[in-house]
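Worksheet for the structure shown next.
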Amino acid sequence: MDTNVRPESMQRITTKELADAFIEEQVKAVREQVGDKKVLLALSGGVDSSVVAALLIKAIGRQLVCVHVNHGLMRKNESEQVVEVFGKEMDCELIYVDATDRFLDKLAGVSDPERKRKIIGGEFIEVFADEARKLSSEGVEFLGQGTIYPDILESKSGVKSHHNDGGLPEDLKFELVEPVKLLFKDEVRVVGEALGLPHAMVYRQPFPGPGLGVRCLGAITRDRLHALREADAILREEFDKNGLAEKVWQYFIAVPDVTSVGVRDNKRYEGWPAIIRAVNTVDAMTATIEEIPYEILHHITDRITHEVEGINRVLLDLTPKPIGTIEWE
Ligand code: XMP
């Protein structure tokens, strides 16, 4: 039997009861697979890796070693939340690697979007491989992965390659542990909630792997990246407060490397524009623009231009996909 094929008889996990039964089954399977050995997991803080971490903690506790690489391109408080939830509340063995300087130094002066992506992806593998190599020499034999069913379907259809080895170099050989590989995203979320993960983590909006690096257009500088992160945090806070977080599929700020003249405290104030993007979509292939009440937009503009150093304008992107993509990069 191909273990990468979802049996037709498998019920959709839509309730806590079904999720609990799934969790119990997987806990048993993971224990059988790994015995008393240790499992390594790259924990980004995204939905899939977080749910796998929580499931593996339930199954094997301190035999799980999570590695969280902060590439310096995370949203505000994201790495802190990973440390708080997994390192403290769930008492997991968590190796936190702050690789911010390493990533930002490599990215300095690089403006081409594809090159930026390549650098971020390549550095990530290197940093993670360094940690994996250390753990492998200490006898860790298993690698946990947050593979979900769409990843398997996409790799079968050739749409997207699916790294079934974490993209690690040849010399690093691990046996995979992929407890949610037959689940669709909505099911992963139900399982995550049943495992007690915070709602905000389980229903997190999609976030590109290269993080804020794609939304900080052109060559990334630390000050512009900081401004982007702060403005994005304000946008998210206001969407949460005003009930828009549940209505809008994805919303974020992009900051281009363009400045214009403004006025602050009666003085010339040069700054970047913060661009608001808020879209609805079903499958991310096409997207429509969600109408945001002007009152809320005014308030967000007021907050961003007053609270964020370096931003002197706020713009709203009204472009559907197509013709725009969802991200700005
Ligand atoms: P675009 O910009 O192509 O984005 O319209 C479609 C969706 O994909 C997300 N996206 C990514 N997700 N890794 C991801 O996991 C990535 O590198 C990546 N790049 C874009 C984007 O946020 C949007 O939801």
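Chain identifiers are assigned as A, B, and so on, following the order in which chains appear in the structure tokens; residues are numbered from 1 within each chain, and ligands are numbered from 1 in order of appearance.
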Hey, which bits of range 129-213 of chain A sit within 12 Å of range 270-294 of chain A, and for each residue what's the closest pair of atoms and how far apart in Å (one decimal), counting only C-alpha atoms, rows by chain and increasing number, as JSON lines?
```
{"residue": "A:Pro150", "atom": "CA", "partner": "A:Asp283", "partner_atom": "CA", "distance": 11.5}
{"residue": "A:Lys185", "atom": "CA", "partner": "A:Asp283", "partner_atom": "CA", "distance": 11.6}
{"residue": "A:Gln205", "atom": "CA", "partner": "A:Asn280", "partner_atom": "CA", "distance": 11.2}
{"residue": "A:Pro206", "atom": "CA", "partner": "A:Ala284", "partner_atom": "CA", "distance": 9.9}
```
Please write out the residues within 7 Å of ligand 1 as a PDB file with N, CA and C atoms, in the first residue's frame, counting only C-alpha atoms and all ligand atoms.
```pdb
ATOM      1  N   PRO A 206      -1.350  32.858   5.618  1.00  0.00           N
ATOM      2  CA  PRO A 206      -0.132  32.374   4.954  1.00  0.00           C
ATOM      3  C   PRO A 206       0.976  33.417   5.001  1.00  0.00           C
ATOM      4  N   PHE A 207       2.183  32.936   5.071  1.00  0.00           N
ATOM      5  CA  PHE A 207       3.338  33.833   5.145  1.00  0.00           C
ATOM      6  C   PHE A 207       4.448  33.190   4.324  1.00  0.00           C
ATOM      7  N   PRO A 208       5.009  33.907   3.359  1.00  0.00           N
ATOM      8  CA  PRO A 208       6.031  33.263   2.526  1.00  0.00           C
ATOM      9  C   PRO A 208       7.244  32.818   3.346  1.00  0.00           C
ATOM     10  N   GLY A 209       7.828  31.695   2.953  1.00  0.00           N
ATOM     11  CA  GLY A 209       9.036  31.210   3.645  1.00  0.00           C
ATOM     12  C   GLY A 209      10.106  32.291   3.764  1.00  0.00           C
ATOM     13  N   PRO A 210      10.378  33.052   2.678  1.00  0.00           N
ATOM     14  CA  PRO A 210      11.401  34.106   2.787  1.00  0.00           C
ATOM     15  C   PRO A 210      10.917  35.322   3.577  1.00  0.00           C
ATOM     16  N   GLN A 250      -5.712  37.349   3.481  1.00  0.00           N
ATOM     17  CA  GLN A 250      -4.307  37.722   3.687  1.00  0.00           C
ATOM     18  C   GLN A 250      -4.171  39.235   3.647  1.00  0.00           C
ATOM     19  N   ALA A 284      -5.498  31.082  -3.763  1.00  0.00           N
ATOM     20  CA  ALA A 284      -4.321  31.929  -4.012  1.00  0.00           C
ATOM     21  C   ALA A 284      -3.949  32.063  -5.493  1.00  0.00           C
ATOM     22  N   MET A 285      -4.742  31.411  -6.379  1.00  0.00           N
ATOM     23  CA  MET A 285      -4.458  31.543  -7.813  1.00  0.00           C
ATOM     24  C   MET A 285      -5.059  32.839  -8.361  1.00  0.00           C
ATOM     25  N   LYS A 321      -5.776  39.889  -8.360  1.00  0.00           N
ATOM     26  CA  LYS A 321      -4.898  38.908  -9.021  1.00  0.00           C
ATOM     27  C   LYS A 321      -5.754  38.060  -9.941  1.00  0.00           C
ATOM     28  N   THR A 325       0.159  40.024  -8.509  1.00  0.00           N
ATOM     29  CA  THR A 325       0.264  38.821  -7.690  1.00  0.00           C
ATOM     30  C   THR A 325      -0.192  39.239  -6.290  1.00  0.00           C
ATOM     31  N   ILE A 326      -0.325  38.283  -5.392  1.00  0.00           N
ATOM     32  CA  ILE A 326      -0.729  38.660  -4.029  1.00  0.00           C
ATOM     33  C   ILE A 326       0.435  39.383  -3.346  1.00  0.00           C
ATOM     34  N   GLU A 327       1.604  38.793  -3.393  1.00  0.00           N
ATOM     35  CA  GLU A 327       2.767  39.433  -2.773  1.00  0.00           C
ATOM     36  C   GLU A 327       3.239  40.604  -3.630  1.00  0.00           C
ATOM     37  N   TRP A 328       3.983  41.485  -2.984  1.00  0.00           N
ATOM     38  CA  TRP A 328       4.755  42.499  -3.706  1.00  0.00           C
ATOM     39  C   TRP A 328       6.173  42.009  -3.624  1.00  0.00           C
TER      40      TRP A 328
END
```
Residues at most 10 Å from Ile95 in chain A, counting only C-alpha atoms, excluding those fewer than 3 positions away in the same chain, as an MDAnalysis selection string?
chainID A and resid 42:43 65:69 83 87 92 98 131
Written file, previous selection with N, CA and C atoms, as an mmCIF file, in the first residue's frame:
```cif
data_model
loop_
_atom_site.group_PDB
_atom_site.id
_atom_site.type_symbol
_atom_site.label_atom_id
_atom_site.label_comp_id
_atom_site.auth_asym_id
_atom_site.auth_seq_id
_atom_site.Cartn_x
_atom_site.Cartn_y
_atom_site.Cartn_z
ATOM 1 N N ALA A 42 12.426 21.026 12.204
ATOM 2 C CA ALA A 42 12.613 22.456 11.932
ATOM 3 C C ALA A 42 11.272 23.135 12.209
ATOM 4 N N LEU A 43 11.254 23.986 13.201
ATOM 5 C CA LEU A 43 10.000 24.598 13.642
ATOM 6 C C LEU A 43 9.992 26.071 13.251
ATOM 7 N N VAL A 65 13.504 17.191 19.441
ATOM 8 C CA VAL A 65 14.365 18.369 19.497
ATOM 9 C C VAL A 65 13.941 19.303 18.370
ATOM 10 N N CYS A 66 13.446 20.490 18.731
ATOM 11 C CA CYS A 66 13.026 21.439 17.705
ATOM 12 C C CYS A 66 14.129 22.457 17.474
ATOM 13 N N VAL A 67 14.293 22.831 16.209
ATOM 14 C CA VAL A 67 15.240 23.900 15.894
ATOM 15 C C VAL A 67 14.455 25.030 15.245
ATOM 16 N N HIS A 68 14.518 26.195 15.856
ATOM 17 C CA HIS A 68 13.857 27.353 15.250
ATOM 18 C C HIS A 68 14.922 28.321 14.748
ATOM 19 N N VAL A 69 14.944 28.529 13.447
ATOM 20 C CA VAL A 69 15.908 29.460 12.863
ATOM 21 C C VAL A 69 15.212 30.800 12.644
ATOM 22 N N VAL A 83 9.208 30.605 20.905
ATOM 23 C CA VAL A 83 9.962 30.303 22.129
ATOM 24 C C VAL A 83 9.000 30.192 23.323
ATOM 25 N N GLY A 87 9.027 26.478 23.805
ATOM 26 C CA GLY A 87 10.139 26.373 24.748
ATOM 27 C C GLY A 87 9.666 26.417 26.196
ATOM 28 N N CYS A 92 9.272 21.990 25.488
ATOM 29 C CA CYS A 92 9.903 21.168 24.460
ATOM 30 C C CYS A 92 11.396 21.513 24.416
ATOM 31 N N ASP A 98 19.469 32.433 16.417
ATOM 32 C CA ASP A 98 19.247 33.774 15.877
ATOM 33 C C ASP A 98 20.283 34.032 14.785
ATOM 34 N N GLU A 131 22.979 22.594 12.434
ATOM 35 C CA GLU A 131 22.367 22.072 13.664
ATOM 36 C C GLU A 131 22.078 20.585 13.520
#
```
If we count only C-alpha atoms and set the cut-off at 10 Å, which residues sit around Ala59 in chain A, ignoring sequence neighbours fewer than 3 positions away in its own chain? Please answer as a VMD selection string.
chain A and resid 23 to 24 26 to 32 53 to 56 62 to 64
Which residues come within 10 Å of Glu17 in chain A, counting only C-alpha atoms, excluding same-chain residues fewer than 3 positions away, as a ChimeraX atom specification?
/A:13-14,20-23,190-191,194
Give the answer as one residue: which of A:Val263, A:Ala129, A:Met201, A:Val308 has the shortest atom-to-atom distance to Ser49 in chain A, using only C-alpha atoms?
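Comparing A:Val263, A:Ala129, A:Met201, A:Val308 against Ser49 in chain A, the winner is A:Met201.
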As a VMD selection string, list the residues of range 60-285 of chain A assigned to helix (DSSP H, G or I) by DSSP on the backbone atoms of this structure.
chain A and resid 60 to 63 78 to 89 100 to 107 113 to 137 149 to 157 185 to 194 199 to 202 211 to 213 222 to 241
Nearest residue to Ala245 in chain A out of A:Ile152, A:Ala200, A:Val261, A:Leu135, using only C-alpha atoms?
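So, comparing all the options, the nearest one is A:Ala200.
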Surrounding residues of Val255 in chain A excluding itself and chain neighbours under 2 positions, 12 Å, only C-alpha atoms, as an MDAnalysis selection string:
chainID A and resid 212:221 223:232 252:253 257:259 271:277 310:317 327:329
Could you give me, as a PyMOL selection string, the residues within 9 Å of range 99-104 of chain A, counting only C-alpha atoms and dropping anything in the same chain fewer than 2 positions from it?
chain A and resi 69-73+97+106-108+119-120+123-124+127+220-222
For those residues, write all heavy atoms to a file as a compact mmCIF listing (two decimals), in the first residue's frame.
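The resulting file, result_36.txt, is reproduced below:
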```txt
# COMPACT_ATOMS: atom_id res chain seq x y z
N VAL A 69 14.94 28.53 13.45
CA VAL A 69 15.91 29.46 12.86
C VAL A 69 15.21 30.80 12.64
O VAL A 69 14.26 30.90 11.88
CB VAL A 69 16.44 28.93 11.50
CG1 VAL A 69 17.38 29.94 10.86
CG2 VAL A 69 17.11 27.59 11.68
N ASN A 70 15.69 31.81 13.34
CA ASN A 70 15.15 33.16 13.10
C ASN A 70 16.04 33.81 12.05
O ASN A 70 17.19 34.13 12.30
CB ASN A 70 15.19 33.95 14.42
CG ASN A 70 14.67 35.37 14.24
OD1 ASN A 70 14.33 35.78 13.11
ND2 ASN A 70 14.63 36.13 15.32
N HIS A 71 15.47 33.96 10.84
CA HIS A 71 16.27 34.52 9.74
C HIS A 71 16.23 36.04 9.72
O HIS A 71 16.74 36.68 8.80
CB HIS A 71 15.89 33.92 8.39
CG HIS A 71 14.43 33.96 8.03
ND1 HIS A 71 13.52 34.82 8.61
CD2 HIS A 71 13.73 33.22 7.13
CE1 HIS A 71 12.33 34.60 8.07
NE2 HIS A 71 12.43 33.63 7.18
N GLY A 72 15.60 36.62 10.74
CA GLY A 72 15.57 38.08 10.83
C GLY A 72 14.49 38.68 9.94
O GLY A 72 14.37 39.90 9.83
N LEU A 73 13.71 37.81 9.28
CA LEU A 73 12.68 38.30 8.35
C LEU A 73 11.29 37.87 8.81
O LEU A 73 10.35 37.81 8.03
CB LEU A 73 12.97 37.76 6.94
CG LEU A 73 14.36 38.12 6.40
CD1 LEU A 73 14.72 37.25 5.20
CD2 LEU A 73 14.43 39.59 6.01
N VAL A 97 18.01 29.50 17.09
CA VAL A 97 19.20 30.04 16.41
C VAL A 97 18.86 31.42 15.85
O VAL A 97 18.04 31.54 14.94
CB VAL A 97 19.63 29.12 15.23
CG1 VAL A 97 20.95 29.60 14.64
CG2 VAL A 97 19.73 27.67 15.68
N LYS A 106 24.33 38.73 4.24
CA LYS A 106 24.35 38.10 2.91
C LYS A 106 23.44 38.84 1.92
O LYS A 106 23.69 38.89 0.73
CB LYS A 106 23.85 36.65 3.02
CG LYS A 106 24.96 35.62 3.19
CD LYS A 106 25.33 34.98 1.86
CE LYS A 106 26.69 34.32 1.87
NZ LYS A 106 26.65 32.94 2.29
N LEU A 107 22.35 39.40 2.44
CA LEU A 107 21.37 40.05 1.57
C LEU A 107 21.71 41.51 1.26
O LEU A 107 21.09 42.12 0.38
CB LEU A 107 19.99 40.00 2.24
CG LEU A 107 19.29 38.63 2.24
CD1 LEU A 107 18.14 38.62 3.24
CD2 LEU A 107 18.76 38.32 0.84
N ALA A 108 22.69 42.04 1.97
CA ALA A 108 23.01 43.47 1.81
C ALA A 108 23.32 43.79 0.34
O ALA A 108 24.12 43.10 -0.30
CB ALA A 108 24.19 43.83 2.70
N ILE A 119 19.17 33.28 -1.86
CA ILE A 119 20.06 33.49 -0.71
C ILE A 119 19.36 33.06 0.58
O ILE A 119 19.93 32.32 1.39
CB ILE A 119 20.51 34.96 -0.61
CG1 ILE A 119 21.45 35.29 -1.77
CG2 ILE A 119 21.18 35.25 0.73
CD1 ILE A 119 21.83 36.76 -1.89
N ILE A 120 18.11 33.47 0.72
CA ILE A 120 17.39 33.14 1.96
C ILE A 120 17.21 31.62 2.09
O ILE A 120 17.49 31.03 3.13
CB ILE A 120 16.02 33.88 2.01
CG1 ILE A 120 16.25 35.40 2.03
CG2 ILE A 120 15.22 33.45 3.24
CD1 ILE A 120 15.00 36.24 1.76
N GLU A 123 20.73 29.91 2.68
CA GLU A 123 21.23 30.15 4.04
C GLU A 123 20.45 29.32 5.04
O GLU A 123 20.99 28.78 5.99
CB GLU A 123 21.06 31.64 4.43
CG GLU A 123 22.15 32.56 3.95
CD GLU A 123 23.53 32.11 4.36
OE1 GLU A 123 23.88 32.14 5.56
OE2 GLU A 123 24.29 31.72 3.46
N PHE A 124 19.13 29.26 4.80
CA PHE A 124 18.29 28.50 5.74
C PHE A 124 18.75 27.05 5.82
O PHE A 124 18.94 26.49 6.90
CB PHE A 124 16.82 28.58 5.33
CG PHE A 124 15.94 27.94 6.35
CD1 PHE A 124 15.48 28.67 7.43
CD2 PHE A 124 15.64 26.59 6.27
CE1 PHE A 124 14.72 28.06 8.42
CE2 PHE A 124 14.88 25.98 7.25
CZ PHE A 124 14.42 26.72 8.32
N VAL A 127 22.13 26.84 7.71
CA VAL A 127 22.02 27.01 9.17
C VAL A 127 21.36 25.78 9.79
O VAL A 127 21.84 25.24 10.80
CB VAL A 127 21.18 28.28 9.51
CG1 VAL A 127 20.94 28.39 11.01
CG2 VAL A 127 21.88 29.54 9.01
N ILE A 220 17.41 44.95 0.81
CA ILE A 220 16.89 45.11 2.18
C ILE A 220 17.88 45.91 3.03
O ILE A 220 19.07 45.63 3.03
CB ILE A 220 16.69 43.71 2.83
CG1 ILE A 220 15.68 42.91 2.02
CG2 ILE A 220 16.28 43.83 4.29
CD1 ILE A 220 15.61 41.44 2.38
N THR A 221 17.36 46.90 3.74
CA THR A 221 18.19 47.58 4.74
C THR A 221 17.52 47.36 6.08
O THR A 221 16.31 47.17 6.17
CB THR A 221 18.30 49.09 4.46
OG1 THR A 221 16.98 49.65 4.46
CG2 THR A 221 18.99 49.37 3.13
N ARG A 222 18.33 47.40 7.15
CA ARG A 222 17.78 47.10 8.48
C ARG A 222 16.72 48.11 8.90
O ARG A 222 15.72 47.76 9.50
CB ARG A 222 18.90 47.06 9.52
CG ARG A 222 19.70 45.79 9.38
CD ARG A 222 20.93 45.80 10.27
NE ARG A 222 21.83 44.77 9.81
CZ ARG A 222 22.11 43.65 10.49
NH1 ARG A 222 21.60 43.45 11.67
NH2 ARG A 222 22.93 42.76 9.98
```
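Between CA of Leu143 in chain A and CA of Asp130 in chain A the separation is 14.2 Å.
Residue nearest Leu172 in chain A within the list A:Ser137, A:Gln145, A:Asn77, A:Ser157: A:Ser137 [criterion: smallest interatomic distance, only C-alpha atoms].
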Can you list, as a VMD selection string, every residue of range 29-145 of chain A that DSSP puts in strand (DSSP E)?
chain A and resid 39 to 42 64 to 70 93 to 98 142 to 144
